[in-house]
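Chemist: Dropping the structure in here first, questions after.
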Amino acid sequence: MTCFYRTIRLLFCLFWFVQPGFGQTPAEQPLNGDYTNLRFGQFVKRVEVSTPYRFFYNPAEVDSLVVNLQINRQPLPEVLKQLFAGTNYAYAIDRQQRVYVTLNRPIRTELPIGFFERGSTGSSAADSTAGASYLTETRRKLIAAETKTYEVGQRTNPIRSGRATAAGHVRNAASGEPIVGAAVYVDNPRVGTVTDQFGYYSITLPRGRYDLRLRSIGLKDTRRQIILYNDGKLDIEMEDDVIPLKEVVIEAEKDVNVSGLQMGQERISIATMKQVPTALGETDLLRVVLTLPGVKSVGESSTGLNVRGGATDQNLILYNDATVYNAAHLFGFFSAFNPDVIKSVELYKSGIPSRYGGRLSSVLDVMTRDGNKKKLAGSGGIGLLTGRLTLEGPIIKDKTSFIVSGRSTYSNWLLRQLPNAAYQNSQASFYDLNLHVTHDYNEKNSLFLTGYLSQDRFRFDQDTVYRYQNQNATLKWKHIFTNKLYSVFTAGYSFYKYNITSERNPVNAYQLGFSVGQGTVKADFNYYPSARHTIDFGLSSTYYKLRPGTFLPRGGESLITPDVVPSEQGLESAIYVGDRYDISERLSISAGLRYSLYNYLGPRSVFYYAPGLPRSVSNITDTIAYNNNEVISTYHGPEYRFSARYSLTSEASVKVSFNRMRQYIQMLSNTTAISPTDIWKLSDPNIRPQVGDQYSLGLYKNFRNNTIETSVEGYYKTMENMLDYRNGATLLLNNHIETDVVNAEGKAYGVEFLIKKLTGKLNGWISYTYARTLLRVKPTTSNEGINQGNWYPSNYDKPHDVTMISNYKINRRFSMSLNFTYNTGRPITLPLAKYTLGNSQRVLYSERNQYRIPDYYRVDFSMNIEGNHKIKKLAHSSWTVGVYNLTGRRNPYSVYFRSENGVIRGYRLSIFGQPIPSVTYNFRF
Amino acid sequence: MNMSLKKSLGWVLVVLVSSCVDPYRPPEITAPNSYLVVDGFLDSGPGTTTTIRLSRTQNVSDTKAPTAETRAQVTIESDRNETYRLNETTTGVYSITGLSPQTSQKYRLRIRTARGTDYLSDFVAVKPTPAIEAIGWRVENDGVQLFLDTRDPQNNTRYYRWEFEETWRFTAGYQSFYEIVNKQVLPRLVDIYRCWASNRSTNIILGSSARLSQDVINDFPLTFIPGSSAKLGIRYSILVRQYALTREAYEYWDQLAKTTQSLGSLFDPQPTQVTGNVRSVSNPNEPVLGYFGAGSVATKRIYINRSEIPFRRTITGYESCVVDTLTLPEVMEQNKFIIDLNDDGRFFATSDACVDCRLRGTNVKPAFWED
């Protein structure tokens with residue numbers, strides 16, 4: 001009811017014209033600063049930022065009004081009096097500090113005494129003053145830094161002409177953590193930049209006085225008054241966006257999607273990820289990525305990403321710059337990334353910057369948080385299946401910090417509680433450990449160390465044990481040469497292995513193993529020669545070592561003959577350079593070139609096949625043995641990267657991009673879903689590297705002060721030398737794998753629509769994607785082709801896809817999320833006919849992927865309940881309660897036909913066929 | 001922890017390991033053609049009969065028996081140009097007895113259908129099959145697991161396929177001592193209480209020692225019988241047939257098994273067309289199903305008696321039988337079977353399914369059966 005009366009009152013306020021009255025105005029906030037040569041709108045914006053006043057006026061009436069004031073601690077009414085003196089503008093200020101500017105006559109802000117018999121204003125006024133006093137409290141702190149004038153560079157008098165560069169780090173005021181992707185800009189001239197992964201920015205401007213503004217999601221907008229004398233350093237701290245309990249703040253323009261050059265890029269912060277409900281209650285990075293337009297997977301349990309028609313091995317998944325080969329736990333039910341240490345994730349679907357290379361379809365860059373530099377803190381969570389604990393804090397205050405986190409599952413214990421003996425004898429467990437240390441040696445040098453270890457173990461009914469393990473480590477050294485040039489030197493190591501052991505029958509006891517490892521060194525340079533150019537360049541080299549398969553006896557009784565497929569090694573090197581050039585305010589381009597060179601190295605014996613004949617063992621013409629580190633074959637080629645943006649208006653732009661990628665390592669799989677036992681294969685004389693081209697075009701428009709982002713992106717992509725397997729292929733322990741695979745070409749095209757609102761009470765996004773992915777294996781003299789050489793849909797070709805992610809904040813302690821997903825069923829191969837053979841019915845399958853499983857849709861719901869918001873207390877806690885697949889729809893994951901007791905039966909398997917409730921308790925201290 | 005919470009936690013996990021599976025009826029697909037199916041092999045054992053069955057594929061939803069391919073000319077040819085003609089004994093079944101193939105030669109199958117299309121298999125080697133060393137069994141997981149051991153001292157066989165046929169004695173729910181003949185109650189002469197039932201394996205069972213240093217198959221799990229199964233009620237017997245395979249034949253059967261048996265997991269292989277070594281002479285792209293092989297067969301039979309196993313309860317399938325006490329007119333009116341006489345002149349009677357074991361098997365003792 002209060003709300004209703006407030007609205008009524010406001011309406012009356014707007015229509016009643018009487019004398020101004022500012023006697024009731026609460027504690028006045030003085031204004032300060034230089035307001036010269038501003039249009040009235042700009043003036044209002046600045047006043048609104050630094051005071052609680054809110055202005056209401058008709059822009060058409062004030063368009064000719066120019067503000068030219070030097071204000072020195074004057075209250076707003078005084079300022080307005082000065083401003084409007086001699087004009088026919090009038091103003092009025094009401095109790096809620098709303099300022100109404102009108103022509104000729106001021107608005108009356110109070111009703112005549114006794115207009116309403118009920119004293120309706122009491123409670124609402126109390127509320128808003130409570131909120132207002134809180135606001136002033138936090139504002140004052142900010143204002144101190146904001147009103148102070150910072151001098152950058154050595155002072156000269158007068159200010160010299162020419163340009164200078166200000167650079168520094170943007171950090172979180174509370175934790176000292178660098179802020180990635182914060183916009184740093186000045187309005188006039190419109191020049192801006194974005195902080196990089198270290199929170200570092202560099203901005204070049206004509207020397208002079210500026211109002212430097214900073215914006216970042218989840219943080220309070222801030223600004224610094226700077227006088228740029230010379231090149232210099234300016235570190236800036238931003239505060240967390242603490243929103244008063246009863247206030248709704250619409251965050252200001254986050255117009256990166258329109259003004260930025262990047263297209264086909266999505267950045268998701270951990271805060272957004274945490275809102276998305278998941279099946280098992282744990283925040284899952286990959287599942288959130290899967291809700292983005294253009295990202296698909298074959299099915300519910302699969303964390304294999306298919307980005308814009310690319311295969312699952314065509315994604316470069318980086319964890320603090322280390323390549324992750326298997327990003328899933330527990331056969332795909334959990335992602336390998338612990339939500340407690342993740343800061344954000346960035347997905348590049350197109351217009352991939354030249355500093356990335358090695359995979360065809362996308363780059364998924366996962367960044368971890370830096371530990372808290374100011375104080376020791378911890379957090380953790382307990383879910384139905386997993387528990388996790390994180391500790392972070394300074395080692396040397398404000399210089400060195402660490403964050404260490406562990407996660408594990410207690411599913412073994414749960415399995416033992418089950419009545420079925422087969423489950424009781426089964427085991428399923430995983431753990432992962434993360435360590436990240438940051439050290440600021442001095443202003444110019446910083447070191448970052450990241451370590452990651454994950455292990456999975458799965459045993460079903462006392463028999464075969466599956467184990468797989470990821471190991472990653474990176475060491476980064478960031479060195480700032482000058483304000484305009486800095487470099488990052490990275491050494492990284494990634495290793496993935498799995499093994500399968502069976503000891504049930506001692507005679508057949510075996511261990512099957514596979515591993516892939518890589519070591520990378522690279523140097524990346526960022527150079528800001530002028531305000532219009534941002535140049536990055538660098539070089540990198542990656543050494544790969546694969547053990548494609550070892551099959552060894554286990555135990556003394558085993559008769560297994562050891563079978564070891566010889567290991568293989570390769571070296572991939574690249575140099576790149578890229579330049580972002582702002583040609584005019586409206587037009588920017590980014591052009592890059594990466595040149596990659598790949599050597600396949602011995603020792604190895606390579607088979608050569610008779611040209612024009614099917615590649616089979618019987619057609620081997622020659623076997624050549626190569627010595628250790630001898631170059632067996634070399635592939636190299638340029639990779640072009642280009643993108644351009646043209647701003648149509650300040651809120652709309654159009655972008656185009658083209659990129660070519662080359663990939664020298666591929667995954668071989670004959671299962672539909674990505675499985676932990678898939679193997680990787682380096683390009684060799686018989687298997688050529690994959691090459692992919694993508695063209696894309698996008699239109700971007702923001703509405704309502706950039707709070708609503710909309711975009712349409714279309715793309716067309718071609719892929720060469722993808723690997724498909726022959727019918728009946730053996731991929732594991734195959735010494736001549738080229739005889740079992742065929743070269744496929746792929747094409748993908750689609751259009752993605754996205755509407756996104758990331759701020760406000762109700763936030764989230766809705767996307768619709770139409771996309772096709774087709775493959776073709778042409779029959780040649782050396783292979784028979786698939787589907788007679790016609791284009792056929794790939795396993796993840798799902799043309800229509802609608803996703804809605806929404807979150808509604810009821811108040812500061814309760815928020816609700818509702819997700820909706822619909823997509824076309826994935827293609828499958830269905831039986832064409834049945835026949836009887838050997839006392840049983842069998843089926844004959846159609847050509848590949850000619851039918852589809854039924855369409856998929858799912859609704860998820862979750863609720864987040866925060867503990868009370870007292871700032872001082874022992875531990876802050878929250879509960880997440882969710883239901884995955886609210887409607888309980890049995891979405892088929894696969895459809896299969898099995899001969900049972902001699903009769904063919906068809907089945908559909910649904911993985912989450914019922915509503916799945918989950919509860920997670922999170923805490924931090 | 002209380003029971004209900006325990007249950008629900010377990011339930012959450014069941015989702016992880018066993019998800020829900022529903023029957024699926026595919027959209028009506030009509031195959032453009034029906035293809036030839038060749039089922040059989042050249043039996044190289046002395047005095048045996050080689051049988052080749054020819055049929056056609058049918059639509060998946062078709063419920064009729066498969067169409068036999070009749071009046072075809074089926075011949076087996078050796079690589080030394082000897083030909084043997086098979087005769088159609090019953091519709092679609094072609095056989096020849098008394099062939100004695102030489103292991104030094106290779107053989108192929110030639111088929112000319114009544115429509116005049118020629119089909120030809122690859123030449124295949126004759127694979128002699130070593131004897132089955134032992135069939136053993138163990139009690140585990142509340143049932144009986146049967147195992148097989150075999151070896152080839154020459155290390156030549158390497159690839160194996162097995163079929164088995166189970167036979168077991170059982171009794172009906174009640175023994176009927178009287179029967180009604182021409183409205184008269186007479187003592188029953190034919191035993192319909194004790195019978196034998198049998199069952200043939202339908203799955204493709206394959207084993208290989210290719211990765212072992214010796215050609216040994218050890219403790220290979222053949223089949224599992226739950227302890228309460230009626231198969232173990234009195235006396236159980238299993239006959240195992242062992243076939244040696246070439247590597248190509250093994251790969252064929254393995255593919256067939258993978259695409260039609262071991263599906264339904266999270267990481268299924270993509271199903272593919274599995275075609276064997278028989279091809280159409282005129283159109284190499286026409287799918288022909290089945291694999292023609294040549295070799296001998298080794299067999300072994302064992303028995304398991306009730307007294308050897310520890311299980312007490314048997315689910316006979318007769319648990320729902322009820323006995324009524326009826327007068328003779330009532331027995332005849334309700335088509336009941338008499339079990340025995342009651343003292344009051346009425347009869348204990350029950351339905352035919354509860355006394356006539358022939359409805360589930362045969363009361364003729366199989367020729368091989370040893371008591």
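Following the order of the structure tokens, first chain is A, next is B, and so on, with residues numbered from 1 inside each chain and ligands from 1 in the order they appear.
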If you run DSSP over the backbone, which residues in region 107-303 of chain B end up strand (DSSP E or B)? Put them as a PyMOL selection string.

Modeler: chain B and resi 107-112+118-121+124-127+132-140+143-151+159-171+178-181+184-187+194-200+205-208+212+216-226+235-245+269+278-280+289+293-295+297-303

Chemist: Would you give me, as a PyMOL selection string, the residues of chain A that come within 7 Å of chain B, using only C-alpha atoms?

Modeler: chain A and resi 414+417-418+507+559-561+670-673+675+727-728+829+832-835+837-840+842-845+896-899+901-902+906-913

Chemist: Go ahead and write the selection's residues with N, CA and C atoms as a CSV table (one decimal), in the first residue's frame.

Modeler:
chain,number,residue,atom,x,y,z
A,414,LEU,N,28.2,-42.7,-0.3
A,414,LEU,CA,26.8,-42.8,-0.7
A,414,LEU,C,26.6,-44.1,-1.5
A,417,GLN,N,25.8,-46.9,0.6
A,417,GLN,CA,24.5,-46.9,1.3
A,417,GLN,C,23.4,-47.6,0.4
A,418,LEU,N,23.7,-47.8,-0.8
A,418,LEU,CA,22.6,-48.3,-1.7
A,418,LEU,C,22.4,-49.8,-1.5
A,507,VAL,N,44.8,-64.1,-14.9
A,507,VAL,CA,45.4,-64.5,-16.2
A,507,VAL,C,45.3,-63.3,-17.2
A,559,LEU,N,49.0,-63.3,-18.4
A,559,LEU,CA,49.7,-63.7,-19.7
A,559,LEU,C,49.6,-62.6,-20.8
A,560,ILE,N,49.2,-61.4,-20.4
A,560,ILE,CA,49.1,-60.4,-21.3
A,560,ILE,C,50.5,-60.1,-22.0
A,561,THR,N,50.5,-60.0,-23.3
A,561,THR,CA,51.8,-59.5,-23.9
A,561,THR,C,51.8,-58.0,-24.0
A,670,ASN,N,35.1,-42.6,-31.2
A,670,ASN,CA,34.0,-43.1,-31.9
A,670,ASN,C,32.8,-43.1,-31.1
A,671,THR,N,32.8,-42.5,-29.9
A,671,THR,CA,31.6,-42.4,-29.2
A,671,THR,C,31.0,-41.0,-29.4
A,672,THR,N,29.7,-41.0,-29.2
A,672,THR,CA,28.9,-39.7,-29.5
A,672,THR,C,29.4,-38.6,-28.5
A,673,ALA,N,29.4,-39.0,-27.2
A,673,ALA,CA,29.8,-38.0,-26.2
A,673,ALA,C,31.3,-38.1,-26.0
A,675,SER,N,34.5,-38.7,-24.2
A,675,SER,CA,34.6,-39.7,-23.1
A,675,SER,C,36.0,-39.5,-22.5
A,727,ASN,N,33.8,-47.0,-40.5
A,727,ASN,CA,32.9,-47.9,-39.8
A,727,ASN,C,33.8,-49.1,-39.3
A,728,GLY,N,33.6,-49.4,-38.0
A,728,GLY,CA,34.3,-50.5,-37.5
A,728,GLY,C,35.8,-50.2,-37.2
A,829,THR,N,21.3,-42.2,-35.9
A,829,THR,CA,21.3,-43.2,-36.9
A,829,THR,C,20.3,-44.2,-36.4
A,832,LEU,N,17.3,-49.3,-40.1
A,832,LEU,CA,16.5,-49.3,-41.3
A,832,LEU,C,15.7,-50.6,-41.5
A,833,ALA,N,16.3,-51.7,-41.0
A,833,ALA,CA,15.7,-53.0,-41.2
A,833,ALA,C,16.2,-53.9,-40.1
A,834,LYS,N,15.5,-55.0,-39.9
A,834,LYS,CA,16.0,-56.0,-39.0
A,834,LYS,C,16.1,-57.3,-39.7
A,835,TYR,N,16.9,-58.2,-39.2
A,835,TYR,CA,17.1,-59.5,-39.8
A,835,TYR,C,17.5,-60.5,-38.7
A,837,LEU,N,19.9,-63.5,-37.4
A,837,LEU,CA,21.2,-64.1,-37.7
A,837,LEU,C,21.7,-64.7,-36.4
A,838,GLY,N,22.1,-66.0,-36.5
A,838,GLY,CA,22.6,-66.7,-35.3
A,838,GLY,C,21.6,-66.7,-34.1
A,839,ASN,N,20.4,-67.1,-34.5
A,839,ASN,CA,19.3,-67.3,-33.4
A,839,ASN,C,18.9,-66.0,-32.8
A,840,SER,N,19.2,-64.8,-33.4
A,840,SER,CA,18.8,-63.6,-32.7
A,840,SER,C,18.5,-62.5,-33.8
A,842,ARG,N,18.8,-59.0,-35.4
A,842,ARG,CA,19.9,-57.9,-35.5
A,842,ARG,C,19.3,-56.8,-36.3
A,843,VAL,N,19.9,-55.6,-36.3
A,843,VAL,CA,19.4,-54.5,-37.0
A,843,VAL,C,20.5,-54.0,-38.0
A,844,LEU,N,20.0,-53.4,-39.1
A,844,LEU,CA,20.8,-52.8,-40.1
A,844,LEU,C,20.6,-51.3,-40.0
A,845,TYR,N,21.6,-50.5,-39.8
A,845,TYR,CA,21.5,-49.1,-39.6
A,845,TYR,C,21.4,-48.4,-40.9
A,896,TYR,N,18.5,-46.2,-28.6
A,896,TYR,CA,19.3,-47.3,-29.0
A,896,TYR,C,18.4,-48.5,-29.2
A,897,PHE,N,18.9,-49.5,-29.9
A,897,PHE,CA,18.2,-50.7,-30.2
A,897,PHE,C,19.1,-51.8,-29.8
A,898,ARG,N,18.5,-52.8,-29.1
A,898,ARG,CA,19.3,-53.9,-28.6
A,898,ARG,C,18.5,-55.2,-28.9
A,899,SER,N,19.3,-56.2,-29.2
A,899,SER,CA,18.8,-57.5,-29.4
A,899,SER,C,18.7,-58.2,-28.0
A,901,ASN,N,17.1,-61.4,-25.8
A,901,ASN,CA,16.4,-62.7,-26.0
A,901,ASN,C,16.0,-62.9,-27.4
A,902,GLY,N,16.8,-62.4,-28.3
A,902,GLY,CA,16.5,-62.7,-29.7
A,902,GLY,C,15.6,-61.7,-30.4
A,906,GLY,N,13.6,-51.3,-28.9
A,906,GLY,CA,14.1,-49.9,-28.9
A,906,GLY,C,14.0,-49.2,-27.5
A,907,TYR,N,15.0,-48.5,-27.1
A,907,TYR,CA,14.9,-47.8,-25.8
A,907,TYR,C,15.4,-46.4,-26.0
A,908,ARG,N,14.9,-45.5,-25.1
A,908,ARG,CA,15.5,-44.2,-25.0
A,908,ARG,C,16.0,-44.0,-23.6
A,909,LEU,N,17.2,-43.5,-23.5
A,909,LEU,CA,17.8,-43.3,-22.2
A,909,LEU,C,17.8,-41.8,-21.9
A,910,SER,N,17.2,-41.5,-20.7
A,910,SER,CA,17.2,-40.1,-20.2
A,910,SER,C,18.1,-40.1,-19.0
A,911,ILE,N,19.0,-39.1,-18.9
A,911,ILE,CA,19.9,-39.0,-17.8
A,911,ILE,C,19.3,-38.4,-16.6
A,912,PHE,N,18.7,-37.3,-16.8
A,912,PHE,CA,18.0,-36.7,-15.6
A,912,PHE,C,16.5,-36.7,-15.9
A,913,GLY,N,15.9,-37.9,-15.7
A,913,GLY,CA,14.5,-38.1,-16.1
A,913,GLY,C,13.5,-37.7,-15.1

Chemist: I want to know what sits within 8 Å of Asn864 (chain A), based on only C-alpha atoms, with residues of the same chain fewer than 5 positions away left out; could you give that as a PyMOL selection string?

Modeler: chain A and resi 275+813-816+878-881

Chemist: Enter the distance from CA of Glu866 (chain A) to CA of Thr920 (chain A), in Å, rounded to one decimal.

Modeler: 12.0 Å

Chemist: How would you write, as a list in words, the set of residues in region 136-284 of chain B that DSSP gives as helix (DSSP H, G or I)?

Modeler: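 Going through region 136-284 of chain B, the helix (DSSP H, G or I) residues come out as Ala230, Lys231, Leu232, Arg247, Glu248, Ala249, Tyr250, Glu251, Tyr252, Trp253, Asp254, Gln255, Leu256, Ala257, Lys258, Thr259 and Thr260 of chain B.
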
Chemist: Which residues are close to region 704-715 of chain A, i.e. within 10 Å by only C-alpha atoms, leaving aside same-chain residues fewer than 3 positions away? Reply as an NGL selection string.

Modeler: :A and (250-258 or 263-264 or 293-294 or 308 or 349-350 or 650-658 or 694-701 or 748-760 or 763-771)

Chemist: Rounded to one decimal, what separation in Å do you get between CA of Val101 (chain A) and CA of Phe56 (chain A)?

Modeler: 6.3 Å

Chemist: Which of these, B:Thr171, B:Thr113, B:Asn277, B:Thr314, has the shortest distance to Cys354 (chain B) once you count only C-alpha atoms?

Modeler: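 Nearest candidate to Cys354 (chain B) out of B:Thr171, B:Thr113, B:Asn277, B:Thr314: B:Thr171.
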
Chemist: Excluding Val124 (chain B) and its own-chain neighbours fewer than 5 positions away, which residues fall within 12 Å of it when counting only C-alpha atoms? Please give them as a VMD selection string.

Modeler: chain B and resid 41 to 42 76 to 79 101 to 109 245 to 249 277 to 278 291 to 295
